[in-house]
$ cat input.txt   # compact mmCIF, C-alpha atoms and all ligand atoms
# COMPACT_ATOMS: atom_id res chain seq x y z
CA MET H 1 100.46 115.63 125.86
CA THR H 2 99.83 112.39 124.00
CA LYS H 3 100.86 112.72 120.35
CA LYS H 4 98.35 111.75 117.67
CA ALA H 5 99.51 110.03 114.51
CA LEU H 6 97.54 109.18 111.39
CA ILE H 7 98.75 106.21 109.35
CA THR H 8 97.37 105.68 105.85
CA GLY H 9 97.95 102.08 104.77
CA ILE H 10 97.79 100.82 108.37
CA THR H 11 96.57 97.40 107.15
CA GLY H 12 99.69 96.94 105.01
CA GLN H 13 103.05 95.45 105.96
CA ASP H 14 104.72 98.72 106.99
CA GLY H 15 101.57 100.24 108.48
CA SER H 16 101.20 97.32 110.89
CA TYR H 17 104.82 97.50 112.10
CA LEU H 18 104.69 101.30 112.35
CA ALA H 19 101.47 101.17 114.39
CA GLU H 20 103.20 98.83 116.85
CA GLU H 21 106.24 101.12 117.03
CA LEU H 22 104.15 104.28 117.66
CA LEU H 23 101.95 102.56 120.26
CA ARG H 24 105.10 101.43 122.03
CA ARG H 25 106.20 105.08 122.11
CA GLY H 26 102.89 106.16 123.69
CA TYR H 27 101.18 107.64 120.61
CA GLU H 28 97.45 107.72 120.00
CA VAL H 29 97.34 105.88 116.68
CA HIS H 30 94.71 106.46 113.99
CA GLY H 31 94.46 104.55 110.75
CA LEU H 32 92.73 105.09 107.45
CA VAL H 33 91.08 101.91 106.14
CA ARG H 34 89.24 101.46 102.87
CA ARG H 35 86.37 99.12 102.28
CA VAL H 36 87.01 96.40 99.71
CA ALA H 37 83.86 94.54 98.79
CA LEU H 38 85.39 91.20 97.87
CA GLU H 39 87.47 90.44 100.95
CA ALA H 40 86.36 89.30 104.37
CA PRO H 41 87.03 92.03 106.98
CA GLU H 42 89.00 89.70 109.28
CA ARG H 43 91.39 88.95 106.42
CA ARG H 44 91.84 92.62 105.49
CA THR H 45 92.85 93.58 109.01
CA GLU H 46 94.84 90.38 109.59
CA ARG H 47 98.17 92.20 110.11
CA ILE H 48 96.71 94.46 112.81
CA ALA H 49 94.29 91.94 114.38
CA HIS H 50 96.32 92.08 117.63
CA LEU H 51 96.06 95.90 117.69
CA LEU H 52 92.38 96.40 116.92
CA ASP H 53 91.47 97.45 120.46
CA LYS H 54 94.43 99.87 120.63
CA VAL H 55 94.08 101.84 117.37
CA ASN H 56 91.34 104.07 115.96
CA LEU H 57 90.33 103.07 112.47
CA HIS H 58 88.49 105.41 110.11
CA PRO H 59 86.85 104.51 106.80
CA ALA H 60 88.29 106.41 103.85
CA SER H 61 89.84 105.87 100.46
CA LEU H 62 92.71 107.58 98.68
CA GLU H 63 90.38 108.09 95.71
CA SER H 64 88.04 110.26 97.77
CA TYR H 65 89.15 113.72 98.86
CA PRO H 66 85.99 114.27 100.99
CA SER H 67 86.69 111.09 102.99
CA ILE H 68 90.27 112.22 103.70
CA PHE H 69 89.18 115.79 104.48
CA HIS H 70 86.60 114.46 106.94
CA ILE H 71 89.15 112.46 108.98
CA VAL H 72 91.76 115.23 108.98
CA SER H 73 89.10 117.71 110.15
CA ARG H 74 88.16 115.59 113.18
CA TYR H 75 91.52 115.13 114.94
CA ASP H 76 94.43 117.43 115.61
CA PHE H 77 97.13 115.13 114.22
CA ASP H 78 100.77 115.82 115.07
CA GLU H 79 102.19 113.40 112.51
CA CYS H 80 100.88 111.77 109.35
CA TYR H 81 102.58 108.74 107.81
CA HIS H 82 101.27 108.40 104.27
CA LEU H 83 101.97 104.76 103.43
CA ALA H 84 98.85 103.80 101.48
CA ALA H 85 99.50 103.05 97.83
CA GLN H 86 99.08 100.49 95.09
CA SER H 87 102.54 99.12 95.86
CA PHE H 88 102.97 96.15 93.51
CA VAL H 89 105.16 97.10 90.53
CA ALA H 90 103.89 94.31 88.23
CA GLU H 91 100.28 95.39 88.81
CA SER H 92 101.21 98.94 87.84
CA PHE H 93 102.07 97.65 84.35
CA ALA H 94 98.74 95.80 84.19
CA ASP H 95 96.69 98.82 85.33
CA GLY H 96 98.82 101.92 85.18
CA PHE H 97 95.91 104.34 85.29
CA SER H 98 94.61 103.07 88.65
CA THR H 99 98.11 103.08 90.12
CA MET H 100 98.67 106.67 89.00
CA ASN H 101 95.29 107.76 90.28
CA THR H 102 95.70 106.18 93.73
CA ASN H 103 99.35 107.02 94.24
CA ILE H 104 99.55 110.52 92.77
CA ASN H 105 96.11 111.98 93.49
CA GLY H 106 95.92 110.17 96.83
CA THR H 107 99.18 111.82 97.94
CA HIS H 108 98.02 115.20 96.64
CA TYR H 109 94.69 114.86 98.51
CA MET H 110 96.53 114.08 101.75
CA LEU H 111 98.82 117.08 101.38
CA ALA H 112 96.01 119.43 100.34
CA ALA H 113 93.79 118.40 103.28
CA LEU H 114 96.66 118.86 105.74
CA ARG H 115 97.56 122.25 104.30
CA GLU H 116 93.95 123.36 104.63
CA LEU H 117 93.25 121.99 108.10
CA ARG H 118 96.48 120.95 109.89
CA PRO H 119 99.46 122.82 108.43
CA GLN H 120 101.50 122.08 111.56
CA CYS H 121 101.11 118.32 111.15
CA ARG H 122 104.36 116.64 110.09
CA PHE H 123 104.03 114.56 106.91
CA TYR H 124 105.95 111.44 105.82
CA PHE H 125 105.76 110.27 102.21
CA ALA H 126 106.66 106.66 101.37
CA GLY H 127 109.14 107.19 98.54
CA SER H 128 110.86 104.22 96.94
CA SER H 129 114.12 103.01 95.42
CA GLU H 130 111.96 102.25 92.35
CA MET H 131 112.33 105.98 91.62
CA PHE H 132 116.00 105.30 90.69
CA GLY H 133 114.89 102.61 88.20
CA LYS H 134 117.51 102.45 85.45
CA VAL H 135 120.19 103.48 87.87
CA ARG H 136 122.61 106.29 87.00
CA GLU H 137 125.11 105.36 89.70
CA VAL H 138 125.89 102.55 92.15
CA PRO H 139 125.13 102.79 95.04
CA GLN H 140 122.15 105.14 94.90
CA ARG H 141 121.98 108.11 97.28
CA GLU H 142 119.78 111.18 97.77
CA SER H 143 121.50 113.06 94.93
CA THR H 144 121.21 110.21 92.37
CA PRO H 145 118.90 111.30 89.48
CA PHE H 146 115.59 109.46 89.15
CA HIS H 147 114.82 107.30 86.10
CA PRO H 148 111.69 105.30 86.96
CA ARG H 149 110.94 102.17 84.91
CA SER H 150 107.27 101.50 85.72
CA PRO H 151 104.02 103.39 86.27
CA TYR H 152 104.56 102.65 89.97
CA GLY H 153 108.02 104.26 89.92
CA ILE H 154 106.66 107.26 88.01
CA SER H 155 103.84 107.68 90.54
CA LYS H 156 106.38 107.68 93.39
CA VAL H 157 108.52 110.33 91.66
CA ALA H 158 105.36 112.47 91.37
CA GLY H 159 104.57 111.89 95.07
CA PHE H 160 108.14 112.82 95.98
CA ASP H 161 107.91 116.04 93.93
CA LEU H 162 104.53 116.94 95.46
CA THR H 163 105.91 116.41 98.96
CA ARG H 164 108.96 118.60 98.30
CA ASN H 165 106.74 121.25 96.70
CA TYR H 166 104.49 121.48 99.77
CA ARG H 167 107.60 121.81 101.92
CA GLU H 168 109.03 124.61 99.76
CA ALA H 169 105.83 126.43 98.82
CA TYR H 170 103.89 126.26 102.08
CA HIS H 171 106.74 125.71 104.58
CA MET H 172 105.14 122.55 105.89
CA PHE H 173 107.21 119.81 107.58
CA CYS H 174 107.01 117.33 104.67
CA VAL H 175 109.63 114.63 104.12
CA SER H 176 110.17 111.64 101.85
CA GLY H 177 111.89 108.45 102.85
CA ILE H 178 113.50 106.79 99.82
CA LEU H 179 113.20 103.27 101.13
CA PHE H 180 114.79 100.30 99.45
CA ASN H 181 112.97 96.94 99.50
CA HIS H 182 112.00 95.84 102.97
CA GLU H 183 110.38 92.57 103.80
CA GLY H 184 109.32 90.32 106.65
CA PRO H 185 106.78 87.63 107.56
CA ARG H 186 103.93 90.11 106.96
CA ARG H 187 104.98 90.84 103.35
CA GLY H 188 102.24 90.42 100.72
CA PHE H 189 102.30 87.04 98.95
CA GLU H 190 102.73 88.63 95.49
CA PHE H 191 106.19 90.06 96.26
CA VAL H 192 109.10 87.84 95.33
CA THR H 193 110.56 87.28 98.83
CA ARG H 194 107.26 86.12 100.33
CA LYS H 195 106.41 84.11 97.23
CA ILE H 196 109.72 82.31 97.72
CA SER H 197 109.49 81.81 101.52
CA ASN H 198 105.89 80.62 101.29
CA THR H 199 106.54 78.21 98.42
CA VAL H 200 109.67 76.85 100.10
CA ALA H 201 107.56 76.05 103.17
CA ARG H 202 104.85 74.47 101.00
CA ILE H 203 107.40 72.32 99.16
CA LYS H 204 108.98 71.24 102.46
CA LEU H 205 105.57 70.18 103.76
CA GLY H 206 104.70 68.30 100.57
CA LEU H 207 102.04 70.81 99.52
CA ALA H 208 103.85 71.92 96.33
CA THR H 209 106.72 70.76 94.14
CA GLU H 210 107.88 73.78 92.15
CA LEU H 211 108.34 77.54 92.36
CA LYS H 212 107.71 79.57 89.19
CA LEU H 213 109.62 82.84 88.96
CA GLY H 214 110.58 85.45 86.37
CA ASN H 215 113.93 87.23 86.36
CA LEU H 216 116.32 85.44 88.74
CA GLU H 217 119.20 87.85 88.13
CA ALA H 218 117.52 91.05 89.39
CA GLN H 219 119.38 92.42 92.40
CA ARG H 220 117.76 94.11 95.37
CA ASP H 221 118.90 95.70 98.61
CA TRP H 222 116.60 93.80 100.98
CA GLY H 223 116.13 94.90 104.59
CA HIS H 224 113.59 94.11 107.32
CA ALA H 225 110.42 96.24 107.52
CA LYS H 226 110.69 96.39 111.33
CA ASP H 227 113.99 98.30 111.01
CA TYR H 228 112.67 100.58 108.27
CA VAL H 229 109.58 101.90 110.08
CA ILE H 230 111.92 103.22 112.80
CA ALA H 231 113.65 105.36 110.15
CA MET H 232 110.24 106.80 109.16
CA TYR H 233 109.58 107.79 112.76
CA MET H 234 113.08 109.31 113.13
CA MET H 235 112.62 111.48 110.02
CA LEU H 236 109.62 113.20 111.60
CA GLN H 237 111.52 113.94 114.83
CA GLN H 238 114.23 116.13 113.21
CA SER H 239 114.41 119.90 113.61
CA GLU H 240 114.35 120.41 109.80
CA PRO H 241 112.43 118.47 107.16
CA ASP H 242 114.62 116.56 104.68
CA ASP H 243 114.65 113.43 102.49
CA TYR H 244 116.63 110.29 103.30
CA VAL H 245 117.71 107.06 101.60
CA VAL H 246 117.09 104.03 103.84
CA ALA H 247 118.94 100.85 102.80
CA THR H 248 121.25 98.13 104.09
CA GLY H 249 123.97 98.79 101.48
CA GLU H 250 124.04 95.08 100.50
CA SER H 251 122.63 93.71 97.29
CA HIS H 252 121.53 90.13 96.52
CA SER H 253 119.95 88.53 93.47
CA VAL H 254 116.58 86.78 93.41
CA ARG H 255 118.59 83.61 92.70
CA GLU H 256 120.60 84.11 95.91
CA PHE H 257 117.41 84.65 97.90
CA CYS H 258 116.13 81.33 96.53
CA GLU H 259 119.38 79.55 97.32
CA ARG H 260 119.32 80.70 100.97
CA ALA H 261 115.61 80.10 101.45
CA PHE H 262 115.70 76.52 100.12
CA ALA H 263 118.92 75.79 102.04
CA GLU H 264 117.13 76.88 105.23
CA VAL H 265 114.97 73.72 104.98
CA GLY H 266 117.72 71.49 103.58
CA LEU H 267 116.63 71.69 99.91
CA ASN H 268 118.44 72.63 96.67
CA TYR H 269 116.68 75.48 94.81
CA LYS H 270 117.88 74.13 91.45
CA GLU H 271 115.58 71.13 91.85
CA HIS H 272 112.45 73.26 92.34
CA VAL H 273 112.76 76.70 90.71
CA VAL H 274 111.30 76.99 87.21
CA VAL H 275 111.61 80.15 85.10
CA ASP H 276 108.24 81.29 83.80
CA GLU H 277 108.28 84.17 81.32
CA ARG H 278 104.88 85.38 82.56
CA PHE H 279 106.57 86.77 85.67
CA ARG H 280 108.98 88.97 83.73
CA ARG H 281 108.24 92.70 83.51
CA PRO H 282 108.13 94.86 80.36
CA ALA H 283 110.93 97.00 81.84
CA GLU H 284 113.07 95.74 84.70
CA VAL H 285 115.03 97.48 87.43
CA ASP H 286 118.21 95.42 87.35
CA GLN H 287 120.32 96.44 90.28
CA LEU H 288 119.41 98.39 93.40
CA VAL H 289 121.79 99.06 96.25
CA GLY H 290 121.48 102.06 98.53
CA ASP H 291 123.90 104.36 100.29
CA SER H 292 122.20 105.37 103.54
CA THR H 293 125.13 107.36 104.96
CA LYS H 294 122.90 110.41 105.49
CA ALA H 295 120.26 108.47 107.46
CA ARG H 296 123.01 106.81 109.52
CA THR H 297 124.84 110.06 110.36
CA VAL H 298 121.94 112.53 110.71
CA LEU H 299 119.21 110.25 112.09
CA GLY H 300 121.48 107.76 113.84
CA TRP H 301 119.55 104.97 112.10
CA ARG H 302 121.01 101.57 111.26
CA PRO H 303 119.44 98.22 110.42
CA LYS H 304 119.58 95.39 112.97
CA TYR H 305 118.64 92.49 110.71
CA THR H 306 121.15 90.83 108.37
CA PHE H 307 120.11 89.30 105.03
CA ASP H 308 120.47 85.76 106.44
CA GLU H 309 118.31 86.60 109.47
CA LEU H 310 115.63 88.09 107.22
CA VAL H 311 115.46 85.01 104.97
CA ARG H 312 115.47 82.65 107.98
CA GLU H 313 112.68 84.53 109.77
CA MET H 314 110.47 84.58 106.67
CA VAL H 315 110.93 80.88 105.87
CA GLN H 316 110.52 79.75 109.48
CA SER H 317 107.42 81.89 109.93
CA ASP H 318 105.75 80.43 106.83
CA LEU H 319 106.76 76.94 107.87
CA GLU H 320 105.19 77.39 111.31
CA THR H 321 101.97 78.91 109.98
CA LEU H 322 101.54 76.25 107.29
CA SER H 323 102.43 73.38 109.65
CA ARG H 324 99.71 74.59 112.03
CA THR H 325 97.14 74.75 109.21
CA LYS H 326 98.24 71.39 107.84
CA GLY H 327 98.10 69.81 111.31
CA HIS H 328 94.66 71.30 111.81
CA GLU H 329 93.44 69.88 108.50
CA VAL H 330 94.88 66.45 109.28
CA SER H 331 93.25 66.39 112.74
CA LYS H 332 89.95 67.54 111.19
CA LEU H 333 90.15 64.70 108.67
CA SER H 334 90.97 62.06 111.28
CA SER H 335 88.11 63.18 113.54
CA SER H 336 85.52 63.25 110.73
CA PRO H 337 83.11 60.30 110.58
P1 LIG H 401 101.38 97.15 101.25
O1 LIG H 401 101.62 96.03 102.20
O2 LIG H 401 101.02 96.86 99.84
O3 LIG H 401 100.26 98.09 101.90
C1 LIG H 401 99.62 99.09 101.14
C2 LIG H 401 98.55 99.74 101.99
O4 LIG H 401 97.90 100.76 101.20
C3 LIG H 401 97.44 98.79 102.46
O5 LIG H 401 97.07 99.13 103.77
C4 LIG H 401 96.31 99.09 101.49
O6 LIG H 401 95.03 98.83 102.02
C5 LIG H 401 96.49 100.59 101.32
N1 LIG H 401 95.81 101.09 100.12
C6 LIG H 401 96.05 100.73 98.83
N2 LIG H 401 95.21 101.40 98.01
C7 LIG H 401 94.43 102.19 98.79
C8 LIG H 401 93.38 103.10 98.53
N3 LIG H 401 92.96 103.33 97.30
N4 LIG H 401 92.80 103.74 99.58
C9 LIG H 401 93.22 103.51 100.84
N5 LIG H 401 94.21 102.64 101.16
C10 LIG H 401 94.81 101.99 100.14
O7 LIG H 401 102.67 98.11 101.19
P2 LIG H 401 103.92 98.22 102.19
O8 LIG H 401 104.95 97.23 101.77
O9 LIG H 401 103.44 98.25 103.56
O10 LIG H 401 104.49 99.65 101.76
C11 LIG H 401 104.03 100.85 102.39
C12 LIG H 401 104.36 102.03 101.48
O11 LIG H 401 105.75 102.11 101.26
C13 LIG H 401 103.72 101.99 100.10
O12 LIG H 401 103.40 103.31 99.73
C14 LIG H 401 104.81 101.44 99.21
O13 LIG H 401 104.61 101.88 97.88
C15 LIG H 401 106.02 102.08 99.85
N6 LIG H 401 107.28 101.35 99.74
C16 LIG H 401 107.35 100.03 100.10
C17 LIG H 401 108.57 99.39 100.04
C18 LIG H 401 108.72 97.96 100.46
O14 LIG H 401 109.74 97.34 100.10
N7 LIG H 401 107.79 97.40 101.24
C19 LIG H 401 109.73 100.09 99.61
C20 LIG H 401 109.60 101.43 99.28
C21 LIG H 401 108.39 102.06 99.35
P3 LIG H 401 94.29 97.40 101.82
O15 LIG H 401 94.73 96.57 103.00
O16 LIG H 401 92.86 97.77 101.86
O17 LIG H 401 94.74 96.85 100.51
O1 LIG H 402 110.22 92.13 92.85
C1 LIG H 402 111.82 89.89 90.41
C2 LIG H 402 111.16 91.14 89.89
O2 LIG H 402 107.79 92.40 93.33
C3 LIG H 402 111.59 92.08 93.13
C4 LIG H 402 107.72 96.95 96.29
O3 LIG H 402 107.62 96.91 97.70
O4 LIG H 402 110.10 97.19 96.40
C5 LIG H 402 109.06 96.39 95.88
O5 LIG H 402 109.12 96.36 94.46
C6 LIG H 402 112.36 91.55 91.93
C7 LIG H 402 111.99 92.19 90.60
O6 LIG H 402 109.51 93.91 94.44
C8 LIG H 402 109.34 87.27 90.32
O7 LIG H 402 111.21 91.19 88.46
C9 LIG H 402 111.37 87.53 89.65
O8 LIG H 402 113.14 92.45 89.87
O9 LIG H 402 109.33 91.61 95.17
P1 LIG H 402 109.12 92.45 93.99
P2 LIG H 402 109.91 95.24 93.65
O10 LIG H 402 109.39 95.24 92.28
O11 LIG H 402 111.38 95.43 93.83
C10 LIG H 402 110.09 98.55 95.98
C11 LIG H 402 111.24 99.26 96.65
C12 LIG H 402 108.78 99.21 96.18
O12 LIG H 402 108.69 100.40 96.42
C13 LIG H 402 107.57 98.39 95.83
O13 LIG H 402 106.41 98.93 96.45
O14 LIG H 402 112.04 90.18 91.79
N1 LIG H 402 111.00 88.69 90.27
N2 LIG H 402 110.37 86.66 89.66
C14 LIG H 402 109.74 88.55 90.70
N3 LIG H 402 108.95 89.39 91.40
C15 LIG H 402 107.71 88.95 91.72
N4 LIG H 402 106.90 89.76 92.44
N5 LIG H 402 107.26 87.70 91.38
C16 LIG H 402 108.04 86.82 90.66
O15 LIG H 402 107.61 85.72 90.35
$ encode --input "input.txt" --output "structure tokens"
Amino acid sequence: MTKKALITGITGQDGSYLAEELLRRGYEVHGLVRRVALEAPERRTERIAHLLDKVNLHPASLESYPSIFHIVSRYDFDECYHLAAQSFVAESFADGFSTMNTNINGTHYMLAALRELRPQCRFYFAGSSEMFGKVREVPQRESTPFHPRSPYGISKVAGFDLTRNYREAYHMFCVSGILFNHEGPRRGFEFVTRKISNTVARIKLGLATELKLGNLEAQRDWGHAKDYVIAMYMMLQQSEPDDYVVATGESHSVREFCERAFAEVGLNYKEHVVVDERFRRPAEVDQLVGDSTKARTVLGWRPKYTFDELVREMVQSDLETLSRTKGHEVSKLSSSP
């Protein structure tokens, strides 16, 4: 029988790659999509534009238990990937209450609706390396204590605890992936990797001259989102529910990311990067690097992309997209009366 999966956050970076992965595996894919008044619909579903005739989208919001309950009541889902969240750490400092509300209550609503209506449905929670925050050991593994440094990190610890509690209290198949940063050409423009790749492309094309950043010394374990959604899928195929760290095991600074990204188009980052204090955070997570031995041995997961390949793909993708737009604008100008 065809398996049915529900993806919350299907319009996001990971949701779009996961939808592709599940469709490829023959799943019937459903997605939860909220309505946002200010944005044009074609822009909001941009990442899944090529999938719109293959997936079933349902209107709902993480702030509304009735909307979630309604969707869960209509379909007999086998798997639920709960990816929707306010995922930008800096924004969680600006509006911590909204982040907490969406990320904690939204996760609780999902779990409560599944317990009530579909207790056999397998549940994936999008945990994060931000839960390790002020790290207690290097590298970080499943047993490393959490010390979150932002409202976002705190909300993810709460989501992780809720997920484990539903597993232990109600014997549901609930797991958390503790995923380290993962990126790609579909990454939101506010995150540092995409901000860098996009600005590098703009500078190369003469559309910008400088790149303003905050802390250049922060270190992250950056992988590719395409590799990471496969780990999510694998976690739900195990005989027992458990939590897993997913990471490359390599750490690079923001400065190094800049160096590689500018070098990709033959430029020197030192001539364009400007430190702007406005992009620093009240509390920083200085160094993240994951030990994914458990995911590699139990799930058989491993990343395919290297750091260099990730940076190259992001810069080249932005360069292509912007060149097309620029070319289009130039041809529009030359054909205007
Ligand atoms: P993303 O691109 O920011 O996508 C977030 C998704 O959540 C979007 O589809 C967004 O919908 C949806 N959403 C936000 N608030 C919502 C609400 N109130 N109701 C319904 N939907 C809502 O994030 P991502 O990078 O794909 O990450 C997926 C998940 O993994 C998130 O939970 C994130 O916190 C977690 N995570 C990400 C990383 C990473 O490095 N990418 C690492 C660890 C954990 P709209 O399109 O309407 O905004
Ligand atoms: O910041 C530094 C910033 O916003 C990375 C989310 O997906 O991964 C992501 O969270 C680092 C930080 O990602 C700028 O201070 C410097 O140290 O790209 P980011 P993040 O905060 O690591 C985790 C695992 C998640 O779960 C989250 O959902 O880069 N940085 N200058 C900057 N960051 C930004 N955004 N912009 C700057 O100008």
$ atom_distance --input "input.txt" --atom1 "CA of Gln86 (chain H)" --atom2 "atom C6 of ligand LIG 401 (chain H)"
4.8 Å
$ residues_around --input "input.txt" --residues "region 213-227 of chain H" --least-positions-apart "4" --cutoff "7 Å" --atoms "only C-alpha atoms" --output "VMD selection string"
chain H and resid 14 17 180 to 184 247 to 255 274 to 280 286 to 290 303 to 305 307 310
$ atom_distance --input "input.txt" --atom1 "atom P2 of ligand LIG 402 (chain H)" --atom2 "CA of Pro139 (chain H)"
17.0 Å
$ closest_atom_pairs --input "input.txt" --of "chain H" --to "ligand LIG 401 (chain H)" --cutoff "8 Å" --atoms "only C-alpha atoms and all ligand atoms" --output "JSON lines"
{"residue": "H:Thr8", "atom": "CA", "partner": "H:LIG401", "partner_atom": "N5", "distance": 6.4}
{"residue": "H:Gly9", "atom": "CA", "partner": "H:LIG401", "partner_atom": "O5", "distance": 3.2}
{"residue": "H:Ile10", "atom": "CA", "partner": "H:LIG401", "partner_atom": "O5", "distance": 5.0}
{"residue": "H:Thr11", "atom": "CA", "partner": "H:LIG401", "partner_atom": "O5", "distance": 3.8}
{"residue": "H:Gly12", "atom": "CA", "partner": "H:LIG401", "partner_atom": "O3", "distance": 3.4}
{"residue": "H:Gln13", "atom": "CA", "partner": "H:LIG401", "partner_atom": "O9", "distance": 3.7}
{"residue": "H:Asp14", "atom": "CA", "partner": "H:LIG401", "partner_atom": "O9", "distance": 3.7}
{"residue": "H:Gly15", "atom": "CA", "partner": "H:LIG401", "partner_atom": "O9", "distance": 5.6}
{"residue": "H:Ser16", "atom": "CA", "partner": "H:LIG401", "partner_atom": "O9", "distance": 7.7}
{"residue": "H:Leu32", "atom": "CA", "partner": "H:LIG401", "partner_atom": "C9", "distance": 6.8}
{"residue": "H:Val33", "atom": "CA", "partner": "H:LIG401", "partner_atom": "N5", "distance": 5.9}
{"residue": "H:Arg34", "atom": "CA", "partner": "H:LIG401", "partner_atom": "C9", "distance": 4.9}
{"residue": "H:Arg35", "atom": "CA", "partner": "H:LIG401", "partner_atom": "O16", "distance": 6.6}
{"residue": "H:Val36", "atom": "CA", "partner": "H:LIG401", "partner_atom": "O16", "distance": 6.4}
{"residue": "H:Arg44", "atom": "CA", "partner": "H:LIG401", "partner_atom": "O15", "distance": 5.5}
{"residue": "H:Thr45", "atom": "CA", "partner": "H:LIG401", "partner_atom": "O15", "distance": 7.0}
{"residue": "H:Ala60", "atom": "CA", "partner": "H:LIG401", "partner_atom": "C9", "distance": 6.5}
{"residue": "H:Ser61", "atom": "CA", "partner": "H:LIG401", "partner_atom": "N4", "distance": 3.8}
{"residue": "H:Leu62", "atom": "CA", "partner": "H:LIG401", "partner_atom": "N4", "distance": 3.9}
{"residue": "H:Glu63", "atom": "CA", "partner": "H:LIG401", "partner_atom": "N3", "distance": 5.6}
{"residue": "H:His82", "atom": "CA", "partner": "H:LIG401", "partner_atom": "O12", "distance": 7.1}
{"residue": "H:Leu83", "atom": "CA", "partner": "H:LIG401", "partner_atom": "C12", "distance": 4.1}
{"residue": "H:Ala84", "atom": "CA", "partner": "H:LIG401", "partner_atom": "O4", "distance": 3.2}
{"residue": "H:Ala85", "atom": "CA", "partner": "H:LIG401", "partner_atom": "C6", "distance": 4.3}
{"residue": "H:Gln86", "atom": "CA", "partner": "H:LIG401", "partner_atom": "C6", "distance": 4.8}
{"residue": "H:Ser87", "atom": "CA", "partner": "H:LIG401", "partner_atom": "O13", "distance": 4.0}
{"residue": "H:Phe88", "atom": "CA", "partner": "H:LIG401", "partner_atom": "O2", "distance": 6.7}
{"residue": "H:Thr102", "atom": "CA", "partner": "H:LIG401", "partner_atom": "N3", "distance": 5.3}
{"residue": "H:Asn103", "atom": "CA", "partner": "H:LIG401", "partner_atom": "O12", "distance": 7.8}
{"residue": "H:Gly106", "atom": "CA", "partner": "H:LIG401", "partner_atom": "N3", "distance": 7.5}
{"residue": "H:Phe125", "atom": "CA", "partner": "H:LIG401", "partner_atom": "O12", "distance": 7.8}
{"residue": "H:Ala126", "atom": "CA", "partner": "H:LIG401", "partner_atom": "O11", "distance": 4.6}
{"residue": "H:Gly127", "atom": "CA", "partner": "H:LIG401", "partner_atom": "C21", "distance": 5.2}
{"residue": "H:Ser128", "atom": "CA", "partner": "H:LIG401", "partner_atom": "C20", "distance": 3.9}
{"residue": "H:Ser129", "atom": "CA", "partner": "H:LIG401", "partner_atom": "C20", "distance": 6.2}
{"residue": "H:Glu130", "atom": "CA", "partner": "H:LIG401", "partner_atom": "C20", "distance": 7.4}
{"residue": "H:Tyr152", "atom": "CA", "partner": "H:LIG401", "partner_atom": "O13", "distance": 7.9}
{"residue": "H:Lys156", "atom": "CA", "partner": "H:LIG401", "partner_atom": "O13", "distance": 7.5}
{"residue": "H:Ile178", "atom": "CA", "partner": "H:LIG401", "partner_atom": "C20", "distance": 6.7}
{"residue": "H:Leu179", "atom": "CA", "partner": "H:LIG401", "partner_atom": "C20", "distance": 4.4}
{"residue": "H:Phe180", "atom": "CA", "partner": "H:LIG401", "partner_atom": "C19", "distance": 5.1}
{"residue": "H:Asn181", "atom": "CA", "partner": "H:LIG401", "partner_atom": "O14", "distance": 3.3}
{"residue": "H:His182", "atom": "CA", "partner": "H:LIG401", "partner_atom": "O14", "distance": 3.9}
{"residue": "H:Glu183", "atom": "CA", "partner": "H:LIG401", "partner_atom": "N7", "distance": 6.0}
{"residue": "H:Arg186", "atom": "CA", "partner": "H:LIG401", "partner_atom": "O1", "distance": 7.9}
{"residue": "H:Arg187", "atom": "CA", "partner": "H:LIG401", "partner_atom": "O1", "distance": 6.3}
{"residue": "H:Gly188", "atom": "CA", "partner": "H:LIG401", "partner_atom": "O1", "distance": 5.8}
{"residue": "H:Trp222", "atom": "CA", "partner": "H:LIG401", "partner_atom": "O14", "distance": 7.8}
{"residue": "H:Ala225", "atom": "CA", "partner": "H:LIG401", "partner_atom": "N7", "distance": 6.9}
$ closest_residue --input "input.txt" --among "H:His108, H:His171, H:Lys294, H:Lys326" --to "Ile68 (chain H)" --atoms "all atoms listed in the file"
H:His108
$ residues_around --input "input.txt" --residues "Pro151 (chain H)" --least-positions-apart "6" --cutoff "7 Å" --atoms "all atoms listed in the file" --output "ChimeraX atom specification"
/H:92-93,96,100
$ closest_residue --input "input.txt" --among "H:Ile203, H:Leu23, H:Ile104, H:Val89" --to "Asn268 (chain H)" --atoms "only C-alpha atoms"
H:Ile203
$ closest_residue --input "input.txt" --among "H:Val200, H:Val273, H:Val138, H:Val55" --to "ligand LIG 402 (chain H)" --atoms "all atoms listed in the file"
H:Val273
$ closest_residue --input "input.txt" --among "H:Phe191, H:Tyr244, H:Phe69, H:Phe132" --to "ligand LIG 402 (chain H)" --atoms "all atoms listed in the file"
H:Phe191
$ closest_residue --input "input.txt" --among "H:Ala5, H:Ile48, H:Leu18, H:Val29" --to "Cys121 (chain H)" --atoms "only C-alpha atoms"
H:Ala5
$ atom_distance --input "input.txt" --atom1 "CA of Tyr166 (chain H)" --atom2 "CA of Met235 (chain H)"
16.5 Å
$ closest_residue --input "input.txt" --among "H:Phe189, H:Phe262, H:Tyr109, H:Trp301" --to "ligand LIG 402 (chain H)" --atoms "all atoms listed in the file"
H:Phe189
$ residues_near_point --input "input.txt" --point "(97.8, 105.5, 117.4)" --cutoff "10 Å" --atoms "only C-alpha atoms" --output "list in words"
Thr2, Lys3, Lys4, Ala5, Leu6, Ile7, Leu18, Ala19, Glu20, Glu21, Leu22, Leu23, Arg24, Arg25, Gly26, Tyr27, Glu28, Val29, His30, Gly31, Leu51, Lys54, Val55, Asn56 and Leu57 of chain H
$ residues_around --input "input.txt" --residues "Glu116 (chain H)" --least-positions-apart "4" --cutoff "10 Å" --atoms "all atoms listed in the file" --output "JSON, numbers by chain"
{"H": [69, 72, 73, 111, 112]}
